[in-house]
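Asks: Once you've had a glance at the structure underneath, I'll fire off some questions.
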Protein chains: 4
Amino acid sequence: MILILKPNIDDKTREFQRLEKHLSNFQNIEIRVHKVQGAEQVLTEVYLIGNTAALSLEEMKSFPGVDHAVRVSEEYRILGRHKDDHRPNHFTYQGVKFSQDNLNVFAGLCAVDSPASVEKMMKALKENGQVCTRMGAYKPRTSPYSFQGSGKNCLPYVFELAGKYGIKVIAMEITHESHLDEIRAALEETGNPTGVMLQIGTRNTQNFELLKIVGRQQEFPVLLKRGFGITLDESLHAAEYLASEGNQKVVFGLRGMKTNIGDPHRNMVDFAHIPVVKRLTRMPVCIDPSHSVGGRHRSSDNILDIMHVTAQGVIAGANMVLVDFHPDPSLALVDGPQALRLNELPLFLEDVRVAREAYEKRLALFSKQENTVAVS
Amino acid sequence: MILILKPNIDDKTREFQRLEKHLSNFQNIEIRVHKVQGAEQVLTEVYLIGNTAALSLEEMKSFPGVDHAVRVSEEYRILGRHKDDHRPNHFTYQGVKFSQDNLNVFAGLCAVDSPASVEKMMKALKENGQVCTRMGAYKPRTSPYSFQGSGKNCLPYVFELAGKYGIKVIAMEITHESHLDEIRAALEETGNPTGVMLQIGTRNTQNFELLKIVGRQQEFPVLLKRGFGITLDESLHAAEYLASEGNQKVVFGLRGMKTNIGDPHRNMVDFAHIPVVKRLTRMPVCIDPSHSVGGRHRSSDNILDIMHVTAQGVIAGANMVLVDFHPDPSLALVDGPQALRLNELPLFLEDVRVAREAYEKRLALFSKQENTVAVS
Amino acid sequence: MILILKPNIDDKTREFQRLEKHLSNFQNIEIRVHKVQGAEQVLTEVYLIGNTAALSLEEMKSFPGVDHAVRVSEEYRILGRHKDDHRPNHFTYQGVKFSQDNLNVFAGLCAVDSPASVEKMMKALKENGQVCTRMGAYKPRTSPYSFQGSGKNCLPYVFELAGKYGIKVIAMEITHESHLDEIRAALEETGNPTGVMLQIGTRNTQNFELLKIVGRQQEFPVLLKRGFGITLDESLHAAEYLASEGNQKVVFGLRGMKTNIGDPHRNMVDFAHIPVVKRLTRMPVCIDPSHSVGGRHRSSDNILDIMHVTAQGVIAGANMVLVDFHPDPSLALVDGPQALRLNELPLFLEDVRVAREAYEKRLALFSKQENTVAVS
Amino acid sequence: MILILKPNIDDKTREFQRLEKHLSNFQNIEIRVHKVQGAEQVLTEVYLIGNTAALSLEEMKSFPGVDHAVRVSEEYRILGRHKDDHRPNHFTYQGVKFSQDNLNVFAGLCAVDSPASVEKMMKALKENGQVCTRMGAYKPRTSPYSFQGSGKNCLPYVFELAGKYGIKVIAMEITHESHLDEIRAALEETGNPTGVMLQIGTRNTQNFELLKIVGRQQEFPVLLKRGFGITLDESLHAAEYLASEGNQKVVFGLRGMKTNIGDPHRNMVDFAHIPVVKRLTRMPVCIDPSHSVGGRHRSSDNILDIMHVTAQGVIAGANMVLVDFHPDPSLALVDGPQALRLNELPLFLEDVRVAREAYEKRLALFSKQENTVAVS
């Protein structure tokens, strides 16, 4: 059971102490307090764990200081949606809102290779009105003999250039807790010119120790990619590792499943799961068309497959798009063949706009019909 | 190699005989003649099989009577797209055009159960301006102890009701060659009030004997569903069995892949393959959102998953939508839980319209950009 | 519910008529009579279908003429194992016993190409004491442009050579009902020198119409291969299509699953399912190491992978082995690379013998322990 | 290219310096020195990385101090098998030999729960002549709300009891580098009564940072489990992360693939890949029948599926078996349903012995035939 306290109530108030005392009458009820940083205020959530069946929802709601109470099912306790659950499906970071109701595009470099590439990319983003990007510094690679990313050395110039071009949030994969420290240090060193969304990749979706460590900090939001060989359910459980340690600023990323039935695409595109994740949880959903498709194939209608699947994601309500661009794909050190070119950025953004507009029309259509269509 | 003859030239003309004589000089070249019924005329295509590397494309083109010539690669010879291949990507049946460039919706019953259900469905289609439908008479079922479909007995009333409500084409699955005879007989008996698109289901995608038999007739077009456990490549090869026997009026159907990574959907939705099929072949592409999703789950945005994946298919250029409706899903004998209700038909069609409009905007966008974007 | 009648009782006897009369008192009970040809006698089985919950098992057992009665669960009614089910797990054809308790090897040609190859193969089998073989006349191929098998033309010489070399049973794939007629005709024409086990391949596992037709005859036993993209449960249901039409002489074949997680093998070897099939059904289980592995890879211990997986199947209780050999694999028209050579036949058979001996030792071990180990 | 130096030569000798000087003439050749601890001596291997095509194998072999030289392909450089590669396929730890040629059984607890359980297990092992075991202290679990293992607190008593009962090696999963420190500390604290083989589980197969850290120490050997959703090739590359950092004492573990085509088993058993791993690499191969099968199903022959798949692994040359036992499975905190009981241990070991004996007979059979059978 989760009790959401009133805005001005926290675990140091008298109301909380009365609540605590009452709960001590019940055996096997453990209390965990989480502070949730909203756009304007900090809310206190009290998680009651254990034999909560013995508690009355009505009674808990009636306690002074309790704003509302939610009885959670076993699955996805914190990030999930439960009956009569009005907890938010959004958070704000660096002034950018991440929500199940809006859309942010993160175009950028799969792997940072040089200050020149980074600057060209940032400049193009600014020219196109973008404030978010992706920049890969730490690259997990199948073979130990492949390029492993530029690592911490590139961080200062990446952050400075981001600041120079007005980029507010950089999605950046980390594969070890030390990377978190390196990022924090580089941000401080450069005067915090930008923000970072920590990305946990598909190879580490069930690296629970990393999730716990990242979950224990609330400074950076987290983009958790789905595991490419596990069920959706298992990946959603992995997100709970972040939340159960305290960090609820989590975006869930779809990036395709590893199976040859997706051939000739690099992975089997799984964007039909967007509505599923939004139904089961309160997380905004990101799509990664570049890694799903993995190539610059173009159909008979002259549209790249990467753009087709992006449109598919957006028209079904995706909230974030992570996409690889490169000033010169032939020089990219990682995944060059799937990168879009800088001169394709305006077209890509316009294409996304068309698909988002269609989604919003659909939304209006279904909201209008609400009263006439029987809900299942 | 394929030689497409000029409109007034066929295998009985003198030009053809000269061609034949010339080819007899080469060893191991076999000739097969196909007549392709277009909207306005019959074209003759001459397939040269065997050691065609010895032939000069330029020389073959220069023969009197030859309109153009295409050197085909080994894969998907007839239905595939080859270099400098300008063969059509469309056909017309019963006045309805099936093309890689347009869109037809086939809403209807997964399984015919009673004249009353059929009439309600047909009536609703007419009221919503539809001229196509799906009607399942022969149902392949996992267990022999499940309902196996109404069979030939329902055909007369299905066809008559179709005629009564102006339905021009019914997509209908067959699982044995005898069903083809039964359909032909019932159409004749009822005075050909409508047309039939023969559907080969996912369990029979590699039932090559059935494909050959269906491929030998050109009366009915064929909708070939993708095999749910084989690669896309293998399913496209299966379509060639139809074409190599003479029937090129083939629509290729995506209906989801069988794997638990698609959970909680019934199948793993595979509509990202739409642009792939259109790039590799000249077949219009159909999507089957009902069997892909398999349930009436609704997301937090109040939109059914079935409608979300339909929109995903349409915005990426799908040419045909096969979708299950039922006047009373609780009474449906097969797949009731995934059926949409008749009062949802206008909403569904409007949702499809929004997605198609978005696809057309995207098409215009990319066609405009053609000159500025480097083609891969 | 299934009533197994006493040996001398059938549906023409008075006892049966009394039974029938009694059952007519119950609504919604349908009766189907099956004759099961055992090694020494014909048994009559009466299937009661419908609302059998209303019947008392004890009462049905007490009817004169009824030997025993089995209440079947919904799944795998006829071929499955049910509580207190003592129906046989074996049948005899052409003097060869097919059982869950013994082992038969079917070494032979994947595809018949010439009388010379067939004769060399048959001769080698005789020299090695074998009385069964596999001979592919009808070959389902991914592409219509590949060799489709020698077809009916090869049947007479295949059957005659089989007779000449004492081969009693040939496993032969059919893909259409007409092949059944062609086989029957060729056997008659050549004086029935051998027998045929009809094989339904993985592409036709859910070709239910073919299964029904093959199930309606009891002359030939059937080897049903597992579908390579469906669940085990679905393939076992497919076997019921054969049995529900009357043919219970069914062997179930494991041949690997189609997925790239089996790489570098052609398919993902699935022989761990041998004990599962034997637990759930009464069918003998066949393994096909050639199509599972698909190549002549040899490990660091000098043993071919094909032989390793054969040993794996046999030590877990496989009852039949289907394996490709060829006198000259480089000349084979289909799947040459995976064929074993004739001079490897003695080694292969000896390897199988070692594995079977180990299985029998294991069987003795577990039978001895029965009383001391708690059964789950 | 790898140069294996003569036993008494290392990177501090004059011979090495001459070699180094010679190589400095070539551009883009990097040198890495690895010390490999064999049973009796330390060998020095010199890895030449970069443009080694410019080097002559013959010339490198002729250098004083060089014992032999191997030109490695790109794949699996260190742990792989290459042409004319005679590097060892074994290592010894705590007096126990791990080799592609022998077999060790690691029966034990999936998850340590109490000193009593551990002692009962250890005692039973000793009584059955076993010197290895598995003991899970750190358990990665799908949900953060499940039991996460006893952690470091159980280590002292686990190690002491191991010492008391003569256990030499404990396979123990770690999921974070800190666990390595905790294990080292607990071993020291308890006076090193036993040894530990670090196990990296399937969720961390591509947790490259953990692999690198574990690869940097050579104190403990490593059991790397295959990733359950990636290709075999990708998992073998992951093993190279260990070796490229210096640790070549690596055993590779097969534990089943995650896909519903393995149903009703928990995972799709993949032991047909044993000969593949032994052909491609020099690693001993471990099988984990408990996690592959995931339940105590028993077939109609009275043998448990877990025992069937164990026999399948062993008869194909498996070198290590990891298997779950528990004194009282109903009390087990993790995976109780799949645990064998202590009174089944003698039977299990005898069953393994029968299968191993069969493998050895097969080995003799194929070694004898070597000269008469053409090698592919």
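Quick note on naming: the chains in the structure tokens go A, B, ... in the order shown, residues restart at 1 in each chain, and ligands are numbered from 1 in order of appearance.
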Considering only C-alpha atoms, extract the chain B residues located within 6 Å of chain A and return them as a list of chain:residue names.

Replies: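 Interface list for chain B against chain A: B:Thr231, B:Ile261, B:Pro275, B:Arg279, B:Ser299, B:Ser300, B:His308, B:Gln312, B:Ala316.
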
Asks: Can you pull out the residues contacting B:Ala107? Cut-off 10 Å, using only C-alpha atoms, and skip same-chain residues under 2 positions away; I want them as a PyMOL selection string.

Replies: chain B and resi 104-105+109-110+121-122+125+130-135+170-171+321-326+340+342+345+348-349

Asks: Write a file of the selected residues as a tab-separated table (two decimals), in the first residue's frame, keeping N, CA, C and O atoms.

Replies:
```tsv
chain	number	residue	atom	x	y	z
B	104	ASN	N	-7.12	-0.42	-48.71
B	104	ASN	CA	-8.46	-1.00	-48.61
B	104	ASN	C	-8.65	-1.62	-47.23
B	104	ASN	O	-7.76	-2.32	-46.75
B	105	VAL	N	-9.80	-1.38	-46.63
B	105	VAL	CA	-10.09	-1.99	-45.33
B	105	VAL	C	-11.04	-3.17	-45.52
B	105	VAL	O	-12.03	-3.06	-46.24
B	109	LEU	N	-16.26	-10.65	-40.21
B	109	LEU	CA	-16.32	-11.70	-39.20
B	109	LEU	C	-15.13	-12.65	-39.31
B	109	LEU	O	-14.83	-13.15	-40.40
B	110	CYS	N	-14.49	-12.93	-38.20
B	110	CYS	CA	-13.42	-13.93	-38.18
B	110	CYS	C	-14.00	-15.27	-38.59
B	110	CYS	O	-13.43	-15.96	-39.42
B	121	MET	N	-23.41	-7.45	-40.06
B	121	MET	CA	-22.07	-6.98	-40.43
B	121	MET	C	-22.10	-6.28	-41.79
B	121	MET	O	-21.57	-5.17	-41.95
B	122	MET	N	-22.74	-6.93	-42.77
B	122	MET	CA	-22.79	-6.39	-44.12
B	122	MET	C	-23.49	-5.03	-44.13
B	122	MET	O	-23.08	-4.10	-44.81
B	125	LEU	N	-21.32	-2.35	-42.82
B	125	LEU	CA	-20.28	-1.99	-43.78
B	125	LEU	C	-20.85	-1.04	-44.83
B	125	LEU	O	-20.23	-0.02	-45.16
B	130	GLN	N	-18.29	0.91	-47.05
B	130	GLN	CA	-17.29	-0.12	-47.34
B	130	GLN	C	-17.76	-1.09	-48.42
B	130	GLN	O	-18.94	-1.45	-48.46
B	131	VAL	N	-16.84	-1.57	-49.25
B	131	VAL	CA	-17.19	-2.53	-50.30
B	131	VAL	C	-16.39	-3.83	-50.18
B	131	VAL	O	-16.45	-4.69	-51.05
B	132	CYS	N	-15.60	-3.95	-49.11
B	132	CYS	CA	-14.83	-5.17	-48.90
B	132	CYS	C	-15.12	-5.70	-47.50
B	132	CYS	O	-15.49	-4.95	-46.61
B	133	THR	N	-14.90	-6.99	-47.31
B	133	THR	CA	-15.09	-7.57	-45.98
B	133	THR	C	-14.26	-8.84	-45.83
B	133	THR	O	-13.69	-9.32	-46.80
B	134	ARG	N	-14.18	-9.34	-44.59
B	134	ARG	CA	-13.60	-10.67	-44.38
B	134	ARG	C	-14.68	-11.55	-43.78
B	134	ARG	O	-15.49	-11.12	-42.97
B	135	MET	N	-14.73	-12.80	-44.21
B	135	MET	CA	-15.73	-13.76	-43.74
B	135	MET	C	-15.06	-15.13	-43.69
B	135	MET	O	-14.66	-15.67	-44.72
B	170	ILE	N	-14.77	-10.37	-50.84
B	170	ILE	CA	-14.73	-11.01	-49.52
B	170	ILE	C	-13.40	-11.76	-49.40
B	170	ILE	O	-13.10	-12.62	-50.22
B	171	ALA	N	-12.62	-11.43	-48.36
B	171	ALA	CA	-11.42	-12.23	-48.10
B	171	ALA	C	-11.86	-13.45	-47.32
B	171	ALA	O	-12.53	-13.33	-46.28
B	321	VAL	N	-6.14	-3.63	-44.70
B	321	VAL	CA	-6.30	-3.95	-43.27
B	321	VAL	C	-7.39	-5.00	-43.15
B	321	VAL	O	-8.49	-4.82	-43.65
B	322	LEU	N	-7.06	-6.10	-42.51
B	322	LEU	CA	-8.00	-7.18	-42.24
B	322	LEU	C	-8.33	-7.09	-40.76
B	322	LEU	O	-7.42	-7.20	-39.94
B	323	VAL	N	-9.59	-6.89	-40.41
B	323	VAL	CA	-9.87	-6.67	-38.99
B	323	VAL	C	-11.19	-7.34	-38.58
B	323	VAL	O	-12.16	-7.34	-39.32
B	324	ASP	N	-11.15	-7.95	-37.39
B	324	ASP	CA	-12.31	-8.70	-36.89
B	324	ASP	C	-13.33	-7.79	-36.20
B	324	ASP	O	-12.99	-7.08	-35.24
B	325	PHE	N	-14.57	-7.86	-36.66
B	325	PHE	CA	-15.68	-7.21	-35.97
B	325	PHE	C	-16.71	-8.30	-35.67
B	325	PHE	O	-16.68	-9.39	-36.26
B	326	HIS	N	-17.60	-8.02	-34.75
B	326	HIS	CA	-18.70	-8.97	-34.51
B	326	HIS	C	-19.86	-8.19	-33.88
B	326	HIS	O	-19.64	-7.36	-33.01
B	340	LEU	N	-13.80	-6.29	-32.60
B	340	LEU	CA	-14.35	-4.97	-32.34
B	340	LEU	C	-15.87	-5.05	-32.49
B	340	LEU	O	-16.39	-5.99	-33.09
B	342	LEU	N	-19.69	-3.49	-33.63
B	342	LEU	CA	-20.19	-2.74	-34.80
B	342	LEU	C	-20.24	-1.25	-34.54
B	342	LEU	O	-19.97	-0.45	-35.44
B	345	LEU	N	-17.16	0.67	-35.51
B	345	LEU	CA	-16.71	0.71	-36.90
B	345	LEU	C	-16.43	2.13	-37.41
B	345	LEU	O	-15.38	2.38	-38.01
B	348	PHE	N	-13.22	3.32	-35.91
B	348	PHE	CA	-12.08	2.61	-36.48
B	348	PHE	C	-11.72	3.19	-37.85
B	348	PHE	O	-10.55	3.46	-38.14
B	349	LEU	N	-12.73	3.38	-38.68
B	349	LEU	CA	-12.49	3.89	-40.04
B	349	LEU	C	-11.92	5.30	-39.99
B	349	LEU	O	-11.05	5.67	-40.79
```

Asks: With DSSP run on the backbone, what are the alpha helix (DSSP H) residues within stretch 79-217 of chain D? I'd like them as an NGL selection string.

Replies: :D and (115-127 or 155-164 or 177-189 or 208-215)

Asks: Identify, on the basis of only C-alpha atoms, every residue whose closest approach to D:Thr44 does not exceed 12 Å; exclude the query and any residue fewer than 5 positions from it along the same chain; express the result as a CSV table (one decimal) with all heavy atoms, in the first residue's frame.

Replies:
```csv
chain,number,residue,atom,x,y,z
D,2,ILE,N,50.0,-15.0,-31.6
D,2,ILE,CA,50.4,-15.3,-30.2
D,2,ILE,C,51.7,-16.1,-30.2
D,2,ILE,O,51.8,-17.1,-31.0
D,2,ILE,CB,49.3,-16.1,-29.4
D,2,ILE,CG1,48.0,-15.4,-29.4
D,2,ILE,CG2,49.8,-16.4,-28.0
D,2,ILE,CD1,46.9,-16.2,-28.8
D,3,LEU,N,52.7,-15.6,-29.5
D,3,LEU,CA,53.9,-16.3,-29.4
D,3,LEU,C,54.0,-16.9,-28.0
D,3,LEU,O,53.8,-16.2,-27.0
D,3,LEU,CB,55.1,-15.3,-29.5
D,3,LEU,CG,55.1,-14.3,-30.7
D,3,LEU,CD1,56.4,-13.5,-30.7
D,3,LEU,CD2,55.0,-15.1,-32.0
D,4,ILE,N,54.1,-18.2,-27.9
D,4,ILE,CA,54.2,-18.9,-26.6
D,4,ILE,C,55.7,-19.1,-26.4
D,4,ILE,O,56.4,-19.8,-27.2
D,4,ILE,CB,53.5,-20.2,-26.6
D,4,ILE,CG1,52.0,-20.0,-26.8
D,4,ILE,CG2,53.7,-21.0,-25.3
D,4,ILE,CD1,51.5,-20.0,-28.2
D,5,LEU,N,56.2,-18.5,-25.3
D,5,LEU,CA,57.7,-18.5,-25.0
D,5,LEU,C,58.0,-19.8,-24.4
D,5,LEU,O,57.2,-20.5,-23.8
D,5,LEU,CB,58.1,-17.3,-24.2
D,5,LEU,CG,57.7,-15.9,-24.7
D,5,LEU,CD1,58.4,-14.9,-23.9
D,5,LEU,CD2,58.2,-15.8,-26.2
D,6,LYS,N,59.3,-20.1,-24.5
D,6,LYS,CA,59.8,-21.4,-23.9
D,6,LYS,C,59.7,-21.2,-22.3
D,6,LYS,O,59.7,-20.1,-21.8
D,6,LYS,CB,61.2,-21.6,-24.3
D,6,LYS,CG,61.3,-22.1,-25.7
D,6,LYS,CD,62.7,-22.3,-26.2
D,6,LYS,CE,62.7,-22.8,-27.7
D,6,LYS,NZ,64.0,-22.4,-28.3
D,7,PRO,N,59.6,-22.4,-21.6
D,7,PRO,CA,59.3,-22.4,-20.2
D,7,PRO,C,60.1,-21.4,-19.4
D,7,PRO,O,59.6,-20.7,-18.5
D,7,PRO,CB,59.5,-23.8,-19.8
D,7,PRO,CG,59.1,-24.6,-21.0
D,7,PRO,CD,59.6,-23.7,-22.2
D,8,ASN,N,61.4,-21.3,-19.7
D,8,ASN,CA,62.2,-20.5,-18.8
D,8,ASN,C,62.4,-19.0,-19.3
D,8,ASN,O,63.2,-18.3,-18.8
D,8,ASN,CB,63.6,-21.2,-18.7
D,8,ASN,CG,64.2,-21.4,-20.1
D,8,ASN,OD1,63.5,-21.5,-21.1
D,8,ASN,ND2,65.5,-21.5,-20.1
D,9,ILE,N,61.6,-18.7,-20.3
D,9,ILE,CA,61.8,-17.4,-20.9
D,9,ILE,C,60.6,-16.5,-20.5
D,9,ILE,O,59.4,-17.0,-20.6
D,9,ILE,CB,61.8,-17.5,-22.5
D,9,ILE,CG1,62.8,-18.4,-22.9
D,9,ILE,CG2,61.9,-16.1,-23.1
D,9,ILE,CD1,64.3,-18.0,-22.8
D,10,ASP,N,60.8,-15.3,-20.1
D,10,ASP,CA,59.7,-14.4,-19.9
D,10,ASP,C,60.1,-13.0,-20.3
D,10,ASP,O,61.1,-12.8,-21.1
D,10,ASP,CB,59.2,-14.4,-18.4
D,10,ASP,CG,60.3,-13.8,-17.5
D,10,ASP,OD1,61.2,-13.1,-17.9
D,10,ASP,OD2,60.1,-14.0,-16.2
D,11,ASP,N,59.3,-12.0,-20.0
D,11,ASP,CA,59.5,-10.7,-20.6
D,11,ASP,C,60.6,-9.9,-19.9
D,11,ASP,O,60.9,-8.7,-20.3
D,11,ASP,CB,58.2,-9.8,-20.5
D,11,ASP,CG,57.6,-9.7,-19.1
D,11,ASP,OD1,58.0,-10.6,-18.3
D,11,ASP,OD2,56.9,-8.8,-18.8
D,12,LYS,N,61.3,-10.6,-19.0
D,12,LYS,CA,62.5,-9.9,-18.4
D,12,LYS,C,63.8,-10.4,-19.0
D,12,LYS,O,64.8,-10.0,-18.7
D,12,LYS,CB,62.4,-10.1,-16.9
D,12,LYS,CG,61.2,-9.4,-16.3
D,12,LYS,CD,61.2,-9.5,-14.8
D,12,LYS,CE,59.9,-8.9,-14.3
D,12,LYS,NZ,58.7,-9.8,-14.8
D,13,THR,N,63.7,-11.4,-19.9
D,13,THR,CA,64.9,-12.0,-20.4
D,13,THR,C,65.4,-11.3,-21.7
D,13,THR,O,64.6,-10.5,-22.3
D,13,THR,CB,64.6,-13.5,-20.8
D,13,THR,OG1,63.6,-13.5,-21.8
D,13,THR,CG2,64.2,-14.3,-19.7
D,16,PHE,N,63.5,-11.9,-25.0
D,16,PHE,CA,62.3,-11.1,-25.1
D,16,PHE,C,62.7,-9.7,-25.6
D,16,PHE,O,62.0,-9.2,-26.5
D,16,PHE,CB,61.5,-11.0,-23.8
D,16,PHE,CG,60.3,-10.2,-23.9
D,16,PHE,CD1,59.1,-10.8,-24.4
D,16,PHE,CD2,60.3,-8.9,-23.6
D,16,PHE,CE1,58.0,-10.0,-24.5
D,16,PHE,CE2,59.1,-8.1,-23.7
D,16,PHE,CZ,58.0,-8.7,-24.1
D,32,ARG,N,51.2,-7.4,-25.9
D,32,ARG,CA,50.7,-7.6,-24.5
D,32,ARG,C,51.2,-8.9,-24.0
D,32,ARG,O,51.2,-9.9,-24.7
D,32,ARG,CB,49.2,-7.7,-24.6
D,32,ARG,CG,48.5,-6.3,-24.7
D,32,ARG,CD,47.0,-6.5,-24.2
D,32,ARG,NE,46.2,-5.5,-24.9
D,32,ARG,CZ,44.9,-5.6,-25.0
D,32,ARG,NH1,44.3,-6.6,-24.4
D,32,ARG,NH2,44.2,-4.8,-25.7
D,33,VAL,N,51.7,-8.9,-22.8
D,33,VAL,CA,52.3,-10.1,-22.2
D,33,VAL,C,51.3,-10.7,-21.2
D,33,VAL,O,50.8,-10.0,-20.3
D,33,VAL,CB,53.6,-9.7,-21.5
D,33,VAL,CG1,54.2,-11.0,-20.8
D,33,VAL,CG2,54.6,-9.2,-22.5
D,34,HIS,N,51.0,-12.0,-21.3
D,34,HIS,CA,50.2,-12.7,-20.4
D,34,HIS,C,51.0,-13.8,-19.7
D,34,HIS,O,51.7,-14.5,-20.4
D,34,HIS,CB,49.0,-13.3,-21.1
D,34,HIS,CG,48.0,-12.3,-21.5
D,34,HIS,ND1,46.8,-12.1,-20.9
D,34,HIS,CD2,48.0,-11.4,-22.5
D,34,HIS,CE1,46.1,-11.2,-21.5
D,34,HIS,NE2,46.8,-10.8,-22.5
D,35,LYS,N,50.8,-14.0,-18.4
D,35,LYS,CA,51.4,-15.1,-17.7
D,35,LYS,C,50.3,-16.2,-17.5
D,35,LYS,O,49.3,-15.8,-17.0
D,35,LYS,CB,52.0,-14.7,-16.4
D,35,LYS,CG,52.9,-13.5,-16.4
D,35,LYS,CD,54.3,-13.9,-16.6
D,35,LYS,CE,55.2,-12.7,-16.6
D,35,LYS,NZ,56.6,-13.0,-16.7
D,36,VAL,N,50.6,-17.4,-18.0
D,36,VAL,CA,49.6,-18.4,-17.8
D,36,VAL,C,50.1,-19.4,-16.8
D,36,VAL,O,51.1,-20.1,-17.1
D,36,VAL,CB,49.3,-19.1,-19.2
D,36,VAL,CG1,48.2,-20.1,-19.0
D,36,VAL,CG2,48.9,-18.0,-20.2
D,37,GLN,N,49.4,-19.6,-15.7
D,37,GLN,CA,49.8,-20.5,-14.7
D,37,GLN,C,49.3,-21.9,-15.1
D,37,GLN,O,48.1,-22.2,-15.1
D,37,GLN,CB,49.1,-20.1,-13.3
D,37,GLN,CG,49.3,-21.0,-12.2
D,37,GLN,CD,50.8,-21.1,-11.8
D,37,GLN,OE1,51.4,-20.0,-11.4
D,37,GLN,NE2,51.4,-22.2,-11.8
D,38,GLY,N,50.2,-22.8,-15.4
D,38,GLY,CA,49.9,-24.1,-15.7
D,38,GLY,C,50.0,-25.0,-14.5
D,38,GLY,O,50.2,-24.5,-13.4
D,65,GLY,N,63.9,-18.4,-27.9
D,65,GLY,CA,63.0,-18.1,-26.8
D,65,GLY,C,61.5,-18.4,-27.1
D,65,GLY,O,60.7,-18.5,-26.3
D,66,VAL,N,61.2,-18.4,-28.4
D,66,VAL,CA,59.9,-18.6,-28.8
D,66,VAL,C,59.7,-20.1,-29.0
D,66,VAL,O,60.4,-20.8,-29.8
D,66,VAL,CB,59.5,-17.9,-30.2
D,66,VAL,CG1,58.2,-18.3,-30.7
D,66,VAL,CG2,59.6,-16.4,-29.9
D,67,ASP,N,58.7,-20.7,-28.3
D,67,ASP,CA,58.5,-22.1,-28.4
D,67,ASP,C,57.6,-22.4,-29.6
D,67,ASP,O,57.9,-23.3,-30.4
D,67,ASP,CB,57.8,-22.6,-27.1
D,67,ASP,CG,57.7,-24.1,-27.1
D,67,ASP,OD1,58.8,-24.7,-26.9
D,67,ASP,OD2,56.6,-24.7,-27.2
D,68,HIS,N,56.5,-21.8,-29.7
D,68,HIS,CA,55.7,-21.9,-30.9
D,68,HIS,C,54.8,-20.6,-31.1
D,68,HIS,O,54.7,-19.8,-30.2
D,68,HIS,CB,54.8,-23.1,-31.0
D,68,HIS,CG,53.8,-23.4,-29.9
D,68,HIS,ND1,54.2,-23.8,-28.6
D,68,HIS,CD2,52.5,-23.2,-29.8
D,68,HIS,CE1,53.2,-23.9,-27.8
D,68,HIS,NE2,52.1,-23.6,-28.6
D,87,ARG,N,47.7,-24.9,-27.7
D,87,ARG,CA,47.6,-24.4,-26.3
D,87,ARG,C,46.7,-25.3,-25.5
D,87,ARG,O,45.8,-25.9,-26.1
D,87,ARG,CB,47.1,-22.9,-26.4
D,87,ARG,CG,48.2,-21.9,-26.9
D,87,ARG,CD,47.6,-20.5,-27.1
D,87,ARG,NE,46.5,-20.5,-28.0
D,87,ARG,CZ,45.5,-19.6,-27.9
D,87,ARG,NH1,45.6,-18.6,-27.1
D,87,ARG,NH2,44.5,-19.7,-28.8
D,246,GLY,N,43.4,-11.1,-18.8
D,246,GLY,CA,44.4,-11.9,-18.2
D,246,GLY,C,44.0,-13.2,-17.6
D,246,GLY,O,44.9,-14.1,-17.3
```

Asks: I'd like the interatomic distance between atom CA of B:Lys97 and atom CA of B:Met1, to a tenth of an Å.

Replies: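 Taking atom CA of B:Lys97 and atom CA of B:Met1, their separation equals 27.7 Å.
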
Asks: Give me, please, the distance in Å between atom CA of D:Pro140 and atom CA of D:Thr205, quoted to one decimal.

Replies: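 Atom-to-atom, atom CA of D:Pro140 and atom CA of D:Thr205 are spaced 12.7 Å apart.
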
Asks: Give me the residues near B:Phe208 as an MDAnalysis selection string, where near means some atom within 8 Å (using only C-alpha atoms) and where sequence neighbours in that chain fewer than 5 positions away do not count.

Replies: (chainID B and resid 238 241) or (chainID C and resid 140 175)
